[in-house]
>>> print(open('start_22.pdb').read())   # PDB, C-alpha atoms and all ligand atoms
ATOM      1  CA  MET A1148     128.630-124.503 107.453
ATOM      2  CA  ASN A1149     126.558-123.132 110.351
ATOM      3  CA  LEU A1150     125.881-119.425 110.676
ATOM      4  CA  ILE A1151     124.052-116.941 112.853
ATOM      5  CA  ILE A1152     121.908-114.060 111.590
ATOM      6  CA  PHE A1153     121.825-111.532 114.374
ATOM      7  CA  GLY A1154     120.013-108.226 114.807
ATOM      8  CA  PRO A1155     117.204-106.378 116.591
ATOM      9  CA  PRO A1156     113.513-107.166 116.024
ATOM     10  CA  GLY A1157     112.612-106.308 112.436
ATOM     11  CA  ALA A1158     116.239-106.269 111.285
ATOM     12  CA  GLY A1159     115.450-108.686 108.463
ATOM     13  CA  LYS A1160     116.801-111.908 109.984
ATOM     14  CA  GLY A1161     113.854-113.988 108.778
ATOM     15  CA  THR A1162     113.772-112.310 105.358
ATOM     16  CA  GLN A1163     117.464-112.935 104.713
ATOM     17  CA  SER A1164     117.302-116.497 106.094
ATOM     18  CA  ASN A1165     114.406-117.253 103.716
ATOM     19  CA  ASN A1166     116.465-116.044 100.776
ATOM     20  CA  LEU A1167     119.496-118.047 101.875
ATOM     21  CA  ILE A1168     117.695-121.366 102.226
ATOM     22  CA  ASN A1169     116.481-121.022  98.642
ATOM     23  CA  ASN A1170     120.019-120.680  97.308
ATOM     24  CA  PHE A1171     122.249-122.645  99.670
ATOM     25  CA  ASP A1172     121.786-126.077 101.168
ATOM     26  CA  LEU A1173     120.953-124.575 104.555
ATOM     27  CA  LYS A1174     118.162-124.999 107.078
ATOM     28  CA  GLN A1175     116.708-122.029 108.968
ATOM     29  CA  VAL A1176     116.311-122.368 112.716
ATOM     30  CA  SER A1177     114.127-119.537 113.955
ATOM     31  CA  THR A1178     113.408-119.936 117.662
ATOM     32  CA  GLY A1179     110.637-117.339 117.254
ATOM     33  CA  ASN A1180     108.917-119.540 114.635
ATOM     34  CA  LEU A1181     109.400-122.671 116.747
ATOM     35  CA  LEU A1182     107.875-120.973 119.794
ATOM     36  CA  ARG A1183     104.984-119.495 117.778
ATOM     37  CA  SER A1184     104.092-122.929 116.421
ATOM     38  CA  GLU A1185     103.883-124.232 120.017
ATOM     39  CA  ILE A1186     101.422-121.387 120.728
ATOM     40  CA  LYS A1187      99.428-122.038 117.569
ATOM     41  CA  ILE A1188      98.742-125.676 118.410
ATOM     42  CA  GLN A1189      98.273-124.761 122.091
ATOM     43  CA  THR A1190     100.714-127.277 123.562
ATOM     44  CA  ASP A1191     101.397-127.004 127.322
ATOM     45  CA  LEU A1192     104.557-125.116 126.462
ATOM     46  CA  GLY A1193     102.642-122.891 124.029
ATOM     47  CA  LYS A1194     100.150-121.884 126.726
ATOM     48  CA  LYS A1195     102.987-121.034 129.140
ATOM     49  CA  ILE A1196     104.955-118.847 126.752
ATOM     50  CA  GLU A1197     102.173-116.947 124.965
ATOM     51  CA  SER A1198     102.073-114.011 127.376
ATOM     52  CA  ILE A1199     105.875-113.860 127.593
ATOM     53  CA  ILE A1200     106.136-113.414 123.825
ATOM     54  CA  ASN A1201     103.271-110.950 123.665
ATOM     55  CA  ASN A1202     105.002-108.859 126.344
ATOM     56  CA  GLY A1203     108.225-108.816 124.353
ATOM     57  CA  GLU A1204     110.223-110.700 126.988
ATOM     58  CA  LEU A1205     112.489-113.691 126.539
ATOM     59  CA  VAL A1206     111.338-117.288 126.975
ATOM     60  CA  SER A1207     113.563-119.169 129.436
ATOM     61  CA  ASP A1208     116.935-120.417 128.255
ATOM     62  CA  ASP A1209     116.099-124.009 129.238
ATOM     63  CA  VAL A1210     113.042-124.126 126.991
ATOM     64  CA  VAL A1211     114.864-122.668 124.015
ATOM     65  CA  ASN A1212     118.016-124.746 124.479
ATOM     66  CA  THR A1213     115.924-127.926 124.538
ATOM     67  CA  LEU A1214     114.318-127.006 121.190
ATOM     68  CA  ILE A1215     117.754-126.318 119.733
ATOM     69  CA  ARG A1216     119.209-129.618 120.967
ATOM     70  CA  LYS A1217     116.588-131.531 118.977
ATOM     71  CA  ILE A1218     117.646-129.744 115.800
ATOM     72  CA  ILE A1219     121.413-129.933 116.218
ATOM     73  CA  SER A1220     121.306-133.602 117.180
ATOM     74  CA  ASP A1221     119.444-134.520 113.987
ATOM     75  CA  PRO A1222     121.978-135.868 111.451
ATOM     76  CA  LYS A1223     119.906-134.416 108.579
ATOM     77  CA  ASN A1224     120.842-130.946 109.808
ATOM     78  CA  PHE A1225     124.565-131.590 110.176
ATOM     79  CA  ASN A1226     126.576-128.423 109.561
ATOM     80  CA  ARG A1227     123.871-126.611 107.560
ATOM     81  CA  LEU A1228     122.052-124.425 110.061
ATOM     82  CA  ILE A1229     121.164-120.739 109.966
ATOM     83  CA  PHE A1230     120.378-119.639 113.507
ATOM     84  CA  ASP A1231     117.830-116.809 113.310
ATOM     85  CA  GLY A1232     117.029-115.222 116.669
ATOM     86  CA  TYR A1233     119.229-117.648 118.615
ATOM     87  CA  PRO A1234     121.335-117.331 120.737
ATOM     88  CA  ARG A1235     119.828-114.367 122.585
ATOM     89  CA  THR A1236     121.558-114.503 125.961
ATOM     90  CA  ILE A1237     125.083-115.351 127.037
ATOM     91  CA  SER A1238     123.773-118.564 128.585
ATOM     92  CA  GLN A1239     122.321-119.534 125.189
ATOM     93  CA  VAL A1240     125.692-118.746 123.594
ATOM     94  CA  TYR A1241     127.471-121.186 125.914
ATOM     95  CA  SER A1242     124.794-123.795 125.471
ATOM     96  CA  LEU A1243     125.083-123.531 121.682
ATOM     97  CA  GLU A1244     128.883-123.877 121.856
ATOM     98  CA  LYS A1245     128.546-126.967 124.006
ATOM     99  CA  LEU A1246     125.960-128.562 121.755
ATOM    100  CA  LEU A1247     127.866-127.857 118.561
ATOM    101  CA  LYS A1248     131.003-129.323 120.113
ATOM    102  CA  GLU A1249     129.111-132.434 121.196
ATOM    103  CA  PHE A1250     127.922-132.944 117.623
ATOM    104  CA  ASN A1251     131.279-132.064 116.077
ATOM    105  CA  GLN A1252     130.315-128.754 114.512
ATOM    106  CA  LYS A1253     130.984-125.039 114.853
ATOM    107  CA  ILE A1254     129.754-121.605 113.825
ATOM    108  CA  SER A1255     131.542-120.266 110.744
ATOM    109  CA  ILE A1256     130.222-116.702 110.764
ATOM    110  CA  VAL A1257     127.864-114.315 112.569
ATOM    111  CA  PHE A1258     126.157-111.646 110.459
ATOM    112  CA  ASN A1259     124.970-108.675 112.487
ATOM    113  CA  LEU A1260     122.246-106.723 110.696
ATOM    114  CA  ASN A1261     122.567-103.171 112.032
ATOM    115  CA  VAL A1262     119.276-101.296 111.741
ATOM    116  CA  ASP A1263     118.212 -97.953 113.215
ATOM    117  CA  LYS A1264     115.486 -98.041 115.887
ATOM    118  CA  ASP A1265     112.950 -95.900 113.951
ATOM    119  CA  ILE A1266     113.280 -98.136 110.882
ATOM    120  CA  VAL A1267     112.700-101.244 113.004
ATOM    121  CA  SER A1268     109.360 -99.884 114.206
ATOM    122  CA  LYS A1269     108.055 -99.241 110.714
ATOM    123  CA  ARG A1270     109.173-102.645 109.501
ATOM    124  CA  VAL A1271     107.560-104.526 112.371
ATOM    125  CA  ASN A1272     104.290-102.576 112.243
ATOM    126  CA  GLY A1273     103.871-103.288 108.532
ATOM    127  CA  ARG A1274     104.859-106.955 108.573
ATOM    128  CA  VAL A1275     102.513-109.665 107.300
ATOM    129  CA  ILE A1276     103.468-113.330 107.055
ATOM    130  CA  CYS A1277     101.951-116.046 104.906
ATOM    131  CA  THR A1278     100.973-118.937 107.158
ATOM    132  CA  ARG A1279     101.072-121.261 104.172
ATOM    133  CA  CYS A1280     104.403-120.573 102.416
ATOM    134  CA  PHE A1281     105.978-118.645 105.365
ATOM    135  CA  ARG A1282     107.114-115.769 103.161
ATOM    136  CA  ILE A1283     107.526-112.451 104.949
ATOM    137  CA  PHE A1284     106.099-109.234 103.470
ATOM    138  CA  ASN A1285     105.502-105.659 104.501
ATOM    139  CA  VAL A1286     102.402-103.684 103.634
ATOM    140  CA  TYR A1287     104.434-100.462 103.362
ATOM    141  CA  LEU A1288     107.858-101.588 102.201
ATOM    142  CA  ASN A1289     107.502-104.917 100.461
ATOM    143  CA  PRO A1290     103.805-105.593  99.801
ATOM    144  CA  PRO A1291     102.639-109.021  98.662
ATOM    145  CA  ASN A1292     101.377-109.086  95.066
ATOM    146  CA  SER A1293     100.620-111.583  92.318
ATOM    147  CA  LYS A1294     104.284-111.638  91.246
ATOM    148  CA  ASN A1295     105.963-112.325  94.597
ATOM    149  CA  HIS A1296     103.240-114.367  96.312
ATOM    150  CA  LYS A1297     101.222-117.250  94.931
ATOM    151  CA  CYS A1298      99.082-118.204  97.958
ATOM    152  CA  GLU A1299      95.619-116.766  98.615
ATOM    153  CA  LYS A1300      95.404-113.504 100.582
ATOM    154  CA  LYS A1301      93.515-115.207 103.410
ATOM    155  CA  TYR A1302      96.784-116.841 104.549
ATOM    156  CA  LEU A1303      98.433-113.478 105.266
ATOM    157  CA  GLU A1304      98.564-112.715 108.986
ATOM    158  CA  LYS A1305     100.023-110.172 111.366
ATOM    159  CA  ARG A1306     101.994-111.445 114.371
ATOM    160  CA  THR A1307     100.344-110.824 117.735
ATOM    161  CA  ASP A1308     103.587-109.297 119.062
ATOM    162  CA  ASP A1309     103.818-106.843 116.146
ATOM    163  CA  ASN A1310     102.280-103.767 117.734
ATOM    164  CA  SER A1311     103.802-100.475 118.825
ATOM    165  CA  LYS A1312     103.801-101.288 122.546
ATOM    166  CA  THR A1313     105.344-104.761 122.317
ATOM    167  CA  ILE A1314     107.901-103.659 119.782
ATOM    168  CA  LEU A1315     109.289-101.130 122.260
ATOM    169  CA  ASN A1316     109.623-103.876 124.870
ATOM    170  CA  ARG A1317     111.172-106.252 122.363
ATOM    171  CA  TYR A1318     113.687-103.618 121.348
ATOM    172  CA  GLY A1319     114.480-102.878 125.002
ATOM    173  CA  THR A1320     114.981-106.584 125.721
ATOM    174  CA  TYR A1321     117.261-106.829 122.694
ATOM    175  CA  VAL A1322     119.446-103.940 123.841
ATOM    176  CA  ALA A1323     119.646-105.130 127.453
ATOM    177  CA  LYS A1324     120.042-108.901 127.057
ATOM    178  CA  THR A1325     120.895-109.822 123.490
ATOM    179  CA  LYS A1326     123.100-107.122 121.981
ATOM    180  CA  PRO A1327     125.867-107.627 124.602
ATOM    181  CA  ILE A1328     126.596-111.122 123.274
ATOM    182  CA  LEU A1329     127.967-109.577 120.077
ATOM    183  CA  ASP A1330     131.121-108.897 122.067
ATOM    184  CA  TYR A1331     131.657-112.624 122.489
ATOM    185  CA  TYR A1332     131.506-113.311 118.749
ATOM    186  CA  SER A1333     133.589-110.244 117.976
ATOM    187  CA  LYS A1334     136.380-111.488 120.269
ATOM    188  CA  LYS A1335     136.218-114.865 118.516
ATOM    189  CA  GLY A1336     136.709-113.109 115.163
ATOM    190  CA  LEU A1337     133.424-114.445 113.810
ATOM    191  CA  LEU A1338     131.422-111.220 113.651
ATOM    192  CA  LEU A1339     130.616-109.491 110.381
ATOM    193  CA  GLU A1340     128.713-106.212 110.472
ATOM    194  CA  ILE A1341     126.154-105.606 107.722
ATOM    195  CA  ASP A1342     124.248-102.366 107.149
ATOM    196  CA  GLY A1343     120.692-103.637 107.569
ATOM    197  CA  ASN A1344     119.160-100.275 106.591
ATOM    198  CA  GLN A1345     119.756-101.059 102.919
ATOM    199  CA  LYS A1346     117.336-102.719 100.505
ATOM    200  CA  ILE A1347     116.583-106.421 100.980
ATOM    201  CA  ALA A1348     118.316-107.389  97.711
ATOM    202  CA  GLU A1349     121.450-105.355  98.495
ATOM    203  CA  ILE A1350     121.828-106.969 101.901
ATOM    204  CA  TYR A1351     121.246-110.387 100.427
ATOM    205  CA  GLY A1352     123.871-109.755  97.729
ATOM    206  CA  LYS A1353     126.483-108.987 100.410
ATOM    207  CA  ILE A1354     125.666-112.006 102.550
ATOM    208  CA  LYS A1355     125.564-114.306  99.533
ATOM    209  CA  GLY A1356     128.960-113.075  98.290
ATOM    210  CA  ILE A1357     130.555-113.703 101.675
ATOM    211  CA  LEU A1358     129.052-117.178 101.994
ATOM    212  CA  GLU A1359     130.192-118.117  98.508
ATOM    213  CA  ASN A1360     133.738-117.113  99.484
ATOM    214  CA  ILE A1361     133.581-119.210 102.637
ATOM    215  CA  ARG A1362     132.239-122.140 100.636
ATOM    216  CA  ASP A1363     135.111-121.807  98.148
ATOM    217  CA  TRP A1364     137.652-121.728 100.973
ATOM    218  CA  HIS A1365     136.095-124.814 102.532
ATOM    219  CA  TYR A1366     136.462-126.483  99.153
ATOM    220  CA  VAL A1367     140.120-125.506  98.838
ATOM    221  CA  TYR A1368     140.743-126.807 102.360
ATOM    222  CA  PHE A1369     139.007-130.060 101.454
ATOM    223  CA  LEU A1370     141.237-130.479  98.414
ATOM    224  CA  TYR A1371     144.320-129.696 100.522
ATOM    225  CA  LYS A1372     143.403-132.256 103.186
ATOM    226  CA  PHE A1373     142.749-135.043 100.738
ATOM    227  CA  PRO A1374     145.471-136.949  98.909
ATOM    228  CA  LEU A1375     146.177-136.464  95.218
ATOM    229  CA  LYS A1376     144.241-139.616  94.362
ATOM    230  CA  ASN A1377     141.043-137.961  95.537
ATOM    231  CA  LEU A1378     141.937-134.682  93.893
ATOM    232  CA  THR A1379     142.168-136.328  90.481
ATOM    233  CA  SER A1380     138.981-138.196  91.184
ATOM    234  CA  LEU A1381     137.239-134.904  91.940
ATOM    235  CA  ILE A1382     138.443-133.358  88.714
ATOM    236  CA  TYR A1383     138.109-136.270  86.332
ATOM    237  CA  GLY A1384     135.449-138.406  88.015
ATOM    238  CA  PRO A1385     135.720-141.331  90.446
ATOM    239  CA  TYR A1386     136.788-143.998  87.964
ATOM    240  CA  SER A1387     139.034-141.824  85.858
ATOM    241  CA  ARG A1388     142.198-143.305  84.295
ATOM    242  CA  TYR A1389     144.094-140.515  86.122
ATOM    243  CA  GLN A1390     143.144-142.095  89.362
ATOM    244  CA  TYR A1391     143.809-145.634  88.206
ATOM    245  CA  PRO A1392     146.653-145.431  85.671
ATOM    246  CA  SER A1393     146.993-148.588  83.578
ATOM    247  CA  LYS A1394     150.605-149.086  84.740
TER     248      LYS A1394
HETATM  249  P1  LIG A1401     111.471-113.608 116.811
HETATM  250  O1  LIG A1401     110.384-114.163 116.009
HETATM  251  O2  LIG A1401     112.841-114.079 116.615
HETATM  252  O3  LIG A1401     111.389-112.031 116.676
HETATM  253  P2  LIG A1401     112.543-110.911 116.663
HETATM  254  O4  LIG A1401     113.888-111.291 117.059
HETATM  255  O5  LIG A1401     111.924-109.804 117.429
HETATM  256  O6  LIG A1401     112.739-110.603 115.156
HETATM  257  P3  LIG A1401     111.613-110.458 114.097
HETATM  258  O7  LIG A1401     111.168-111.784 113.641
HETATM  259  O8  LIG A1401     110.607-109.481 114.560
HETATM  260  O9  LIG A1401     112.429-109.680 112.945
HETATM  261  P4  LIG A1401     113.348-110.234 111.781
HETATM  262  O10 LIG A1401     114.716-109.712 112.044
HETATM  263  O11 LIG A1401     113.178-111.673 111.545
HETATM  264  O12 LIG A1401     112.739-109.383 110.577
HETATM  265  P5  LIG A1401     111.903-109.862 109.287
HETATM  266  O13 LIG A1401     112.806-110.496 108.295
HETATM  267  O14 LIG A1401     110.688-110.581 109.679
HETATM  268  O15 LIG A1401     111.104-113.775 118.371
HETATM  269  C1  LIG A1401     109.828-113.460 118.846
HETATM  270  C2  LIG A1401     109.760-113.671 120.336
HETATM  271  O16 LIG A1401     109.990-115.062 120.640
HETATM  272  C3  LIG A1401     110.810-112.922 121.160
HETATM  273  O17 LIG A1401     110.393-111.600 121.455
HETATM  274  C4  LIG A1401     110.889-113.793 122.407
HETATM  275  O18 LIG A1401     109.791-113.558 123.252
HETATM  276  C5  LIG A1401     110.762-115.196 121.834
HETATM  277  N1  LIG A1401     112.073-115.782 121.461
HETATM  278  C6  LIG A1401     112.515-116.049 120.195
HETATM  279  N2  LIG A1401     113.743-116.573 120.225
HETATM  280  C7  LIG A1401     114.100-116.639 121.528
HETATM  281  C8  LIG A1401     115.277-117.074 122.191
HETATM  282  N3  LIG A1401     116.351-117.522 121.528
HETATM  283  N4  LIG A1401     115.309-117.003 123.545
HETATM  284  C9  LIG A1401     114.224-116.551 124.255
HETATM  285  N5  LIG A1401     113.088-116.112 123.695
HETATM  286  C10 LIG A1401     113.020-116.155 122.320
HETATM  287  O19 LIG A1401     111.524-108.406 108.696
HETATM  288  C11 LIG A1401     110.661-107.553 109.391
HETATM  289  C12 LIG A1401     109.833-106.730 108.405
HETATM  290  O20 LIG A1401     110.686-105.853 107.691
HETATM  291  C13 LIG A1401     109.125-107.561 107.330
HETATM  292  O21 LIG A1401     107.891-106.967 107.050
HETATM  293  C14 LIG A1401     110.050-107.481 106.107
HETATM  294  O22 LIG A1401     109.334-107.559 104.882
HETATM  295  C15 LIG A1401     110.658-106.102 106.292
HETATM  296  N6  LIG A1401     112.054-106.009 105.862
HETATM  297  C16 LIG A1401     113.058-106.885 106.152
HETATM  298  N7  LIG A1401     114.219-106.432 105.654
HETATM  299  C17 LIG A1401     113.941-105.258 105.042
HETATM  300  C18 LIG A1401     114.737-104.311 104.340
HETATM  301  N8  LIG A1401     116.043-104.479 104.189
HETATM  302  N9  LIG A1401     114.131-103.207 103.832
HETATM  303  C19 LIG A1401     112.787-103.018 103.999
HETATM  304  N10 LIG A1401     111.982-103.889 104.651
HETATM  305  C20 LIG A1401     112.560-104.988 105.176
HETATM  306 MG    MG A1402     112.036-113.201 112.461
END
>>> encode(input="start_22.pdb", output="structure tokens")
Amino acid sequence: MNLIIFGPPGAGKGTQSNNLINNFDLKQVSTGNLLRSEIKIQTDLGKKIESIINNGELVSDDVVNTLIRKIISDPKNFNRLIFDGYPRTISQVYSLEKLLKEFNQKISIVFNLNVDKDIVSKRVNGRVICTRCFRIFNVYLNPPNSKNHKCEKKYLEKRTDDNSKTILNRYGTYVAKTKPILDYYSKKGLLLEIDGNQKIAEIYGKIKGILENIRDWHYVYFLYKFPLKNLTSLIYGPYSRYQYPSK
């Protein structure tokens, strides 16, 4: 199943995606991370987009859609993607639809993490990320310690766009260009609102429960679609005598 984790900057999209990939066979696709790695290794693209990101504006749809195409077209990623921070404009929504259709996939659910603006600011200002294991922490709310983080402290970094000025721009961009696309997913019946102001574990528990239900329903559908022969094989094993009766 493919899903989208949606929400303003600092909503917890990356945090929840990290938890999900540890428990489900899913791959996180964070366009923010992909773009930051282009900046880190100073590719031509990285040099072009650095100031855009540091100003809290959006990188062009073409650039982002090209990165996404590479991921969706890879058979290893078939139907197991968590989109974190993508799509962010209506043009990205249409591009994603088109790409998923081309590769015979769809979005099963969109989780919208609703978080108040003042909470977002505190979360973003306190964020530190480990550049080695990619875990996300918060010096005020979720500090790294010897129990939750095994890498050396020197790997912990702040993001260059995590400052009070940029966060206001990022939030403004979110409200103006990104939030409106929720309407699209709501009309499609795919949108699920989650209170993102709660504790990390509480939010995760809700998302996990919902995904487990979807997974069970997919399983039931699979059983329904397949003939009895395969059903017995699933229950008793592929070479069971129930599948191949002696007479
Ligand atoms: P991106 O990296 O996607 O940034 P963002 O959308 O602004 O979201 P963040 O990563 O800041 O927040 P998050 O929701 O992941 O929160 P996190 O889990 O880290 O994009 C960066 C930039 O790249 C954009 O501004 C744009 O320029 C460009 N870009 C990216 N995608 C693009 C696209 N599709 N099109 C065009 N341009 C694009 O948590 C935040 C903090 O809060 C952490 O410290 C965490 O520990 C803490 N925390 C999380 N949840 C909780 C909780 N429940 N309680 C307490 N603390 C919590
Ligand atoms: Mg993030």
>>> atom_distance(input="start_22.pdb", atom1="atom CA of Ile1188 of chain A", atom2="atom CA of Pro1290 of chain A")
27.8 Å
>>> residues_around(input="start_22.pdb", residues="Asn1289 of chain A", least_positions_apart="6", cutoff="10 Å", atoms="all atoms listed in the file", output="compact mmCIF listing (two decimals) with C-alpha atoms, in the frame of the given file")
# COMPACT_ATOMS: atom_id res chain seq x y z
CA ARG A 1270 109.17 -102.64 109.50
CA GLY A 1273 103.87 -103.29 108.53
CA ARG A 1274 104.86 -106.96 108.57
CA VAL A 1275 102.51 -109.66 107.30
CA ILE A 1283 107.53 -112.45 104.95
CA ASN A 1295 105.96 -112.32 94.60
CA ILE A 1347 116.58 -106.42 100.98
>>> resolve_selection(input="start_22.pdb", expression="the PyMOL selection byres (((not hetatm)) within 7 of (chain A and resi 1401))", output="VMD selection string")
chain A and resid 1154 to 1163 1177 to 1180 1182 1199 to 1200 1203 to 1208 1211 1231 to 1235 1270 to 1271 1273 to 1275 1283 to 1285 1288 to 1289 1317 1343 to 1347 1350
>>> write_last_selection(input="start_22.pdb", atoms="C-alpha atoms", output="short mmCIF file (atom, residue, chain, number, x, y, z; two decimals), keeping the file's coordinate frame")
data_model
loop_
_atom_site.label_atom_id
_atom_site.label_comp_id
_atom_site.auth_asym_id
_atom_site.auth_seq_id
_atom_site.Cartn_x
_atom_site.Cartn_y
_atom_site.Cartn_z
CA GLY A 1154 120.01 -108.23 114.81
CA PRO A 1155 117.20 -106.38 116.59
CA PRO A 1156 113.51 -107.17 116.02
CA GLY A 1157 112.61 -106.31 112.44
CA ALA A 1158 116.24 -106.27 111.28
CA GLY A 1159 115.45 -108.69 108.46
CA LYS A 1160 116.80 -111.91 109.98
CA GLY A 1161 113.85 -113.99 108.78
CA THR A 1162 113.77 -112.31 105.36
CA GLN A 1163 117.46 -112.94 104.71
CA SER A 1177 114.13 -119.54 113.96
CA THR A 1178 113.41 -119.94 117.66
CA GLY A 1179 110.64 -117.34 117.25
CA ASN A 1180 108.92 -119.54 114.64
CA LEU A 1182 107.88 -120.97 119.79
CA ILE A 1199 105.88 -113.86 127.59
CA ILE A 1200 106.14 -113.41 123.82
CA GLY A 1203 108.22 -108.82 124.35
CA GLU A 1204 110.22 -110.70 126.99
CA LEU A 1205 112.49 -113.69 126.54
CA VAL A 1206 111.34 -117.29 126.98
CA SER A 1207 113.56 -119.17 129.44
CA ASP A 1208 116.94 -120.42 128.26
CA VAL A 1211 114.86 -122.67 124.02
CA ASP A 1231 117.83 -116.81 113.31
CA GLY A 1232 117.03 -115.22 116.67
CA TYR A 1233 119.23 -117.65 118.62
CA PRO A 1234 121.34 -117.33 120.74
CA ARG A 1235 119.83 -114.37 122.58
CA ARG A 1270 109.17 -102.64 109.50
CA VAL A 1271 107.56 -104.53 112.37
CA GLY A 1273 103.87 -103.29 108.53
CA ARG A 1274 104.86 -106.96 108.57
CA VAL A 1275 102.51 -109.66 107.30
CA ILE A 1283 107.53 -112.45 104.95
CA PHE A 1284 106.10 -109.23 103.47
CA ASN A 1285 105.50 -105.66 104.50
CA LEU A 1288 107.86 -101.59 102.20
CA ASN A 1289 107.50 -104.92 100.46
CA ARG A 1317 111.17 -106.25 122.36
CA GLY A 1343 120.69 -103.64 107.57
CA ASN A 1344 119.16 -100.28 106.59
CA GLN A 1345 119.76 -101.06 102.92
CA LYS A 1346 117.34 -102.72 100.50
CA ILE A 1347 116.58 -106.42 100.98
CA ILE A 1350 121.83 -106.97 101.90
#
>>> closest_residue(input="start_22.pdb", among="A:Val1262, A:Ile1168, A:Val1267, A:Leu1339", to="Asn1310 of chain A", atoms="all atoms listed in the file")
A:Val1267
>>> residues_near_point(input="start_22.pdb", point="(118.8, -120.6, 103.3)", cutoff="10 Å", atoms="all atoms listed in the file", output="MDAnalysis selection string")
chainID A and resid 1161:1176 1227:1229 1355
>>> closest_residue(input="start_22.pdb", among="A:Leu1247, A:Ile1361, A:Leu1181, A:Ala1323", to="ligand MG 1402 (chain A)", atoms="only C-alpha atoms and all ligand atoms")
A:Leu1181
>>> atom_distance(input="start_22.pdb", atom1="atom CA of Lys1187 of chain A", atom2="atom CA of Thr1278 of chain A")
11.0 Å
>>> closest_residue(input="start_22.pdb", among="A:Val1286, A:Ile1354, A:Cys1280, A:Val1210", to="Ile1196 of chain A", atoms="only C-alpha atoms")
A:Val1210
>>> closest_residue(input="start_22.pdb", among="A:Asn1149, A:Thr1236, A:Thr1213, A:Asn1226", to="Pro1327 of chain A", atoms="all atoms listed in the file")
A:Thr1236
>>> resolve_selection(input="start_22.pdb", expression="the PyMOL selection byres (((chain A and resi 1259) around 6) and not hetatm)", output="list of chain:residue names")
A:Phe1153, A:Gly1154, A:Phe1258, A:Leu1260, A:Glu1340, A:Ile1341
>>> axis_aligned_box(input="start_22.pdb", around="segment 1158-1164 of chain A", padding_each_side="3 Å", output="JSON")
{"center_x": 115.6, "center_y": -111.4, "center_z": 108.0, "size_x": 9.7, "size_y": 16.2, "size_z": 12.6}
